[in-house]
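Containing TSV, C-alpha atoms: entry23.tsv.
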```
chain	number	residue	atom	x	y	z
H	1	MET	CA	-40.48	-81.03	18.22
H	2	LYS	CA	-38.70	-84.38	18.36
H	3	HIS	CA	-38.84	-85.85	14.86
H	4	ILE	CA	-37.23	-87.92	12.15
H	5	PHE	CA	-36.87	-86.91	8.49
H	6	LYS	CA	-36.13	-89.35	5.68
H	7	LYS	CA	-35.53	-87.85	2.26
H	8	GLY	CA	-37.39	-89.68	-0.49
H	9	GLN	CA	-36.24	-90.68	-3.96
H	10	ASP	CA	-38.75	-88.38	-5.68
H	11	SER	CA	-38.87	-84.74	-4.57
H	12	LYS	CA	-42.05	-84.14	-6.58
H	13	LYS	CA	-43.97	-86.56	-4.34
H	14	PRO	CA	-45.72	-85.21	-1.25
H	15	THR	CA	-43.86	-85.27	2.05
H	16	LEU	CA	-45.70	-87.70	4.34
H	17	LEU	CA	-46.22	-86.24	7.83
H	18	LEU	CA	-46.56	-89.10	10.34
H	19	LEU	CA	-48.58	-88.44	13.49
H	20	HIS	CA	-48.77	-91.28	16.01
H	21	GLY	CA	-51.51	-92.36	18.40
H	22	THR	CA	-51.34	-91.99	22.21
H	23	GLY	CA	-48.19	-93.63	23.55
H	24	GLY	CA	-46.49	-93.78	20.16
H	25	ASP	CA	-43.51	-91.92	18.78
H	26	GLU	CA	-42.03	-90.49	15.59
H	27	LEU	CA	-41.09	-93.98	14.31
H	28	ASP	CA	-44.46	-95.69	14.81
H	29	LEU	CA	-45.98	-95.07	11.40
H	30	LEU	CA	-42.86	-95.56	9.26
H	31	PRO	CA	-44.09	-99.00	8.06
H	32	ILE	CA	-47.41	-97.38	7.07
H	33	ALA	CA	-45.62	-94.66	5.08
H	34	GLU	CA	-43.54	-97.35	3.36
H	35	ARG	CA	-46.76	-99.10	2.34
H	36	ILE	CA	-48.43	-95.88	1.14
H	37	ASP	CA	-45.48	-94.53	-0.87
H	38	PRO	CA	-41.94	-95.93	-0.47
H	39	THR	CA	-40.45	-93.18	-2.69
H	40	ALA	CA	-41.83	-90.16	-0.78
H	41	SER	CA	-40.01	-88.12	1.86
H	42	VAL	CA	-41.19	-88.78	5.41
H	43	LEU	CA	-41.41	-86.50	8.45
H	44	GLY	CA	-42.31	-88.39	11.63
H	45	VAL	CA	-43.13	-86.18	14.62
H	46	ARG	CA	-43.49	-86.98	18.32
H	47	GLY	CA	-46.22	-85.27	20.33
H	48	ASN	CA	-45.06	-82.71	22.93
H	49	VAL	CA	-47.58	-83.63	25.64
H	50	LEU	CA	-47.24	-86.50	28.13
H	51	GLU	CA	-50.24	-88.30	29.60
H	52	ASN	CA	-49.15	-90.81	32.26
H	53	GLY	CA	-45.77	-90.93	30.52
H	54	MET	CA	-47.29	-91.51	27.07
H	55	PRO	CA	-46.65	-88.97	24.28
H	56	ARG	CA	-49.68	-87.21	22.79
H	57	PHE	CA	-50.19	-84.20	20.54
H	58	PHE	CA	-52.51	-82.32	22.92
H	59	ARG	CA	-54.09	-82.68	26.33
H	60	ARG	CA	-57.48	-84.14	27.00
H	61	ILE	CA	-59.72	-83.73	30.00
H	62	SER	CA	-61.00	-87.31	29.79
H	63	GLU	CA	-61.55	-89.98	27.11
H	64	GLY	CA	-63.08	-88.20	24.13
H	65	ILE	CA	-63.11	-84.77	25.84
H	66	PHE	CA	-60.37	-82.53	24.49
H	67	ASP	CA	-58.67	-79.63	26.26
H	68	GLU	CA	-59.69	-77.16	23.55
H	69	GLU	CA	-57.30	-74.39	24.59
H	70	ASP	CA	-54.35	-76.78	24.50
H	71	LEU	CA	-55.54	-78.24	21.18
H	72	ILE	CA	-55.52	-74.77	19.58
H	73	PHE	CA	-52.06	-74.01	21.00
H	74	ARG	CA	-50.55	-77.36	19.95
H	75	THR	CA	-52.09	-77.14	16.47
H	76	LYS	CA	-50.38	-73.77	15.95
H	77	GLN	CA	-47.15	-75.18	17.35
H	78	LEU	CA	-47.26	-78.08	14.87
H	79	ASN	CA	-48.13	-75.78	11.96
H	80	ASP	CA	-45.17	-73.51	12.84
H	81	PHE	CA	-42.92	-76.56	13.11
H	82	LEU	CA	-43.92	-77.62	9.58
H	83	ASP	CA	-42.85	-74.17	8.31
H	84	GLU	CA	-39.46	-74.61	9.97
H	85	ALA	CA	-39.00	-78.24	8.86
H	86	ALA	CA	-39.81	-77.40	5.22
H	87	GLU	CA	-37.05	-74.81	5.30
H	88	GLN	CA	-34.58	-77.00	7.17
H	89	TYR	CA	-35.04	-80.07	4.95
H	90	SER	CA	-35.89	-78.25	1.69
H	91	PHE	CA	-39.23	-79.88	0.96
H	92	ASP	CA	-42.30	-78.22	-0.55
H	93	ARG	CA	-44.35	-76.73	2.31
H	94	ASN	CA	-47.45	-76.80	0.11
H	95	ASN	CA	-47.16	-80.51	-0.63
H	96	ILE	CA	-47.58	-82.25	2.73
H	97	ILE	CA	-49.97	-85.14	3.29
H	98	ALA	CA	-50.53	-86.12	6.91
H	99	ILE	CA	-50.96	-89.73	7.96
H	100	GLY	CA	-52.40	-89.79	11.47
H	101	TYR	CA	-53.78	-92.47	13.76
H	102	SER	CA	-56.17	-91.74	16.63
H	103	ASN	CA	-54.67	-88.78	18.57
H	104	GLY	CA	-52.40	-88.10	15.58
H	105	ALA	CA	-55.41	-88.12	13.24
H	106	ASN	CA	-57.12	-85.64	15.56
H	107	ILE	CA	-54.26	-83.13	15.41
H	108	ALA	CA	-54.10	-83.58	11.62
H	109	ALA	CA	-57.83	-82.85	11.40
H	110	SER	CA	-57.25	-79.85	13.65
H	111	LEU	CA	-54.64	-78.52	11.19
H	112	LEU	CA	-57.31	-78.70	8.46
H	113	PHE	CA	-59.90	-77.04	10.72
H	114	HIS	CA	-57.62	-74.11	11.63
H	115	TYR	CA	-55.19	-73.49	8.76
H	116	GLN	CA	-56.17	-73.36	5.11
H	117	ASN	CA	-52.70	-74.19	3.79
H	118	ALA	CA	-51.30	-76.44	6.53
H	119	LEU	CA	-51.81	-79.63	4.52
H	120	LYS	CA	-52.43	-80.64	0.93
H	121	GLY	CA	-54.35	-83.65	2.18
H	122	ALA	CA	-54.64	-86.18	4.99
H	123	ILE	CA	-55.11	-89.85	5.74
H	124	LEU	CA	-56.98	-89.98	9.04
H	125	HIS	CA	-57.19	-93.34	10.80
H	126	HIS	CA	-59.95	-93.30	13.43
H	127	PRO	CA	-60.19	-89.52	13.94
H	128	MET	CA	-62.67	-87.61	16.06
H	129	ILE	CA	-64.00	-84.12	15.36
H	130	PRO	CA	-61.35	-81.78	16.83
H	131	ARG	CA	-63.71	-78.83	17.45
H	132	ARG	CA	-67.36	-78.03	16.89
H	133	GLY	CA	-69.01	-74.69	16.22
H	134	ILE	CA	-66.19	-73.05	14.28
H	135	LYS	CA	-66.07	-71.95	10.66
H	136	LEU	CA	-63.56	-74.01	8.70
H	137	PRO	CA	-61.27	-72.40	6.13
H	138	ASP	CA	-61.96	-73.01	2.45
H	139	LEU	CA	-60.47	-76.46	1.81
H	140	SER	CA	-60.96	-76.47	-1.97
H	141	GLY	CA	-58.36	-78.69	-3.58
H	142	LYS	CA	-57.68	-80.64	-0.36
H	143	SER	CA	-58.22	-84.42	-0.33
H	144	VAL	CA	-58.96	-86.41	2.83
H	145	PHE	CA	-59.22	-90.16	3.46
H	146	ILE	CA	-60.98	-91.21	6.67
H	147	ALA	CA	-60.68	-94.78	7.96
H	148	ALA	CA	-63.44	-95.43	10.47
H	149	GLY	CA	-64.77	-98.42	12.38
H	150	THR	CA	-68.40	-99.52	12.41
H	151	ASN	CA	-67.67	-100.87	15.91
H	152	ASP	CA	-65.08	-98.33	17.11
H	153	PRO	CA	-65.62	-97.96	20.90
H	154	ILE	CA	-63.78	-94.60	21.04
H	155	CYS	CA	-65.10	-92.92	17.89
H	156	ALA	CA	-68.75	-93.60	17.08
H	157	PRO	CA	-69.68	-94.08	13.39
H	158	GLU	CA	-71.88	-90.97	13.58
H	159	GLU	CA	-68.83	-88.90	14.47
H	160	SER	CA	-66.99	-90.17	11.39
H	161	THR	CA	-69.85	-89.27	9.05
H	162	GLU	CA	-70.19	-85.87	10.75
H	163	LEU	CA	-66.47	-85.20	10.25
H	164	GLN	CA	-66.84	-86.12	6.58
H	165	SER	CA	-69.77	-83.72	6.28
H	166	LEU	CA	-67.92	-80.85	7.98
H	167	LEU	CA	-64.90	-81.24	5.71
H	168	GLU	CA	-67.05	-81.54	2.59
H	169	SER	CA	-68.96	-78.41	3.62
H	170	ALA	CA	-65.58	-76.64	3.54
H	171	ASN	CA	-65.09	-77.94	-0.06
H	172	ALA	CA	-62.63	-80.75	0.72
H	173	SER	CA	-62.86	-83.98	-1.25
H	174	VAL	CA	-63.43	-86.78	1.30
H	175	GLU	CA	-63.46	-90.57	1.04
H	176	LEU	CA	-64.81	-92.48	4.04
H	177	HIS	CA	-63.70	-96.11	4.41
H	178	TRP	CA	-65.43	-98.44	6.86
H	179	GLY	CA	-63.81	-101.35	8.68
H	180	ASN	CA	-64.91	-103.48	11.63
H	181	LYS	CA	-61.71	-103.87	13.66
H	182	GLY	CA	-62.74	-101.48	16.44
H	183	HIS	CA	-60.25	-98.66	17.04
H	184	ARG	CA	-57.34	-100.69	15.69
H	185	LEU	CA	-55.27	-99.51	12.74
H	186	SER	CA	-55.78	-102.48	10.40
H	187	ILE	CA	-53.83	-103.49	7.31
H	188	ASP	CA	-57.09	-103.44	5.31
H	189	GLU	CA	-57.61	-99.73	5.92
H	190	VAL	CA	-53.94	-98.97	5.22
H	191	ASP	CA	-54.27	-100.74	1.87
H	192	ALA	CA	-57.49	-98.79	1.16
H	193	ALA	CA	-55.63	-95.56	2.01
H	194	SER	CA	-52.83	-96.61	-0.33
H	195	GLN	CA	-55.34	-97.11	-3.16
H	196	TRP	CA	-56.81	-93.69	-2.45
H	197	TYR	CA	-53.33	-92.11	-2.45
H	198	GLN	CA	-52.45	-93.62	-5.84
H	199	HIS	CA	-55.34	-91.71	-7.41
H	200	LEU	CA	-54.50	-88.27	-5.99
```
Would you encode the structure as structure tokens?
Amino acid sequence: MKHIFKKGQDSKKPTLLLLHGTGGDELDLLPIAERIDPTASVLGVRGNVLENGMPRFFRRISEGIFDEEDLIFRTKQLNDFLDEAAEQYSFDRNNIIAIGYSNGANIAASLLFHYQNALKGAILHHPMIPRRGIKLPDLSGKSVFIAAGTNDPICAPEESTELQSLLESANASVELHWGNKGHRLSIDEVDAASQWYQHL
């Protein structure tokens, strides 16, 4: 997978996995990572799927309707890539925190839904529920921050609270932060995520 890795000053800190929204790339969330933890290592990844020329992490059938088969395949592909990257760049595979926005938040949530040890935690900006009707792995010890919009036209507030409930039912610790900037990734929610991260 096309990516960028920046080694941090403190190897004990989590590696921040950056997962962009539709049309973004591996560099998009670097300023966010800098704001969350400027001393951590960073792994920015570009999605392998193109939709009208725009990179994504998995296919969708239409707005809000995911291609579930492709989602499962791409989630495994990303999880395998993290195994390889941890070896290549010598970072702790068990100490990765994902920072995802929109489509990137959805694939990060999908990692949590499918693989018990894919992530130590996640900051999910405007995620949707990746899949319904599946049993989640035991996520004890995992911490998740969800930034949601009370007026998000793509992801209804009910979906955000349902995602929180699903993750908590799997024993994850979840903080849900509400904003009112629609589906936009706002500086307010990034600062709230940064506060959350400081207390991990």
Calculate how many Å separate CA of Phe145 (chain H) from CA of Ile36 (chain H), rounding to one decimal.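 Value for the CA of Phe145 (chain H)-CA of Ile36 (chain H) distance: 12.4 Å.
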Kindly provide the residues of region 119-167 of chain H that approach region 71-82 of chain H to within 10 Å, each paired with its closest atom pair and their distance in Å to one decimal, based on all atoms listed in the file, listed by chain and increasing number, as CSV.
```
residue,atom,partner,partner_atom,distance
H:Leu119,CA,H:Asn79,CA,9.1
H:Pro130,CA,H:Leu71,CA,8.1
H:Arg131,CA,H:Leu71,CA,9.0
```
Using only C-alpha atoms, which residue out of H:Asp67, H:Trp178, H:Lys7, H:Leu29 lies closest to Val42 (chain H)?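 For Val42 (chain H), the nearest of the given residues is H:Lys7.
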Contact residues around region 183-199 of chain H with only C-alpha atoms at 7 Å, ignoring same-chain residues under 3 positions, as a PDB file with C-alpha atoms, keeping the file's coordinate frame:
```pdb
ATOM      1  CA  ILE H  32     -47.410 -97.380   7.070  1.00  0.00           C
ATOM      2  CA  ILE H  36     -48.430 -95.880   1.140  1.00  0.00           C
ATOM      3  CA  ILE H 123     -55.110 -89.850   5.740  1.00  0.00           C
ATOM      4  CA  HIS H 125     -57.190 -93.340  10.800  1.00  0.00           C
ATOM      5  CA  HIS H 126     -59.950 -93.300  13.430  1.00  0.00           C
ATOM      6  CA  PHE H 145     -59.220 -90.160   3.460  1.00  0.00           C
ATOM      7  CA  ALA H 147     -60.680 -94.780   7.960  1.00  0.00           C
ATOM      8  CA  GLY H 149     -64.770 -98.420  12.380  1.00  0.00           C
ATOM      9  CA  ASP H 152     -65.080 -98.330  17.110  1.00  0.00           C
ATOM     10  CA  PRO H 153     -65.620 -97.960  20.900  1.00  0.00           C
ATOM     11  CA  ILE H 154     -63.780 -94.600  21.040  1.00  0.00           C
ATOM     12  CA  GLY H 179     -63.810-101.350   8.680  1.00  0.00           C
TER      13      GLY H 179
END
```
Have a look at H:Phe5, H:Phe66, H:Tyr115, H:Phe58 and name the one nearest to Ile129 (chain H); count all atoms listed in the file. H:Phe66
Go through H:Ile65, H:Val49, H:Ala105, H:Ile96 and flag the residue nearest Arg132 (chain H), using all atoms listed in the file for the distances.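 Closest residue, counting all atoms listed in the file: H:Ile65.
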Could you tell me how far CA of Gly53 (chain H) lies from CA of Lys6 (chain H), in Å and to one decimal?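 Between CA of Gly53 (chain H) and CA of Lys6 (chain H) the gap works out to 26.7 Å.
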Tell me which residues come within 10 Å of (-45.4, -95.3, 16.9), as a count of residues only, counting only C-alpha atoms in the file's coordinates. 19
What does the distance from CA of Ile97 (chain H) to CA of Gly121 (chain H) come to in Å, to one decimal?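 Atom-to-atom, CA of Ile97 (chain H) to CA of Gly121 (chain H), that is 4.8 Å.
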Counting only C-alpha atoms, which residue out of H:Arg35, H:Gly182, H:Ala86, H:Glu68 sits closest to Thr150 (chain H)?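 The shortest atom-to-atom distance to Thr150 (chain H) comes from H:Gly182.
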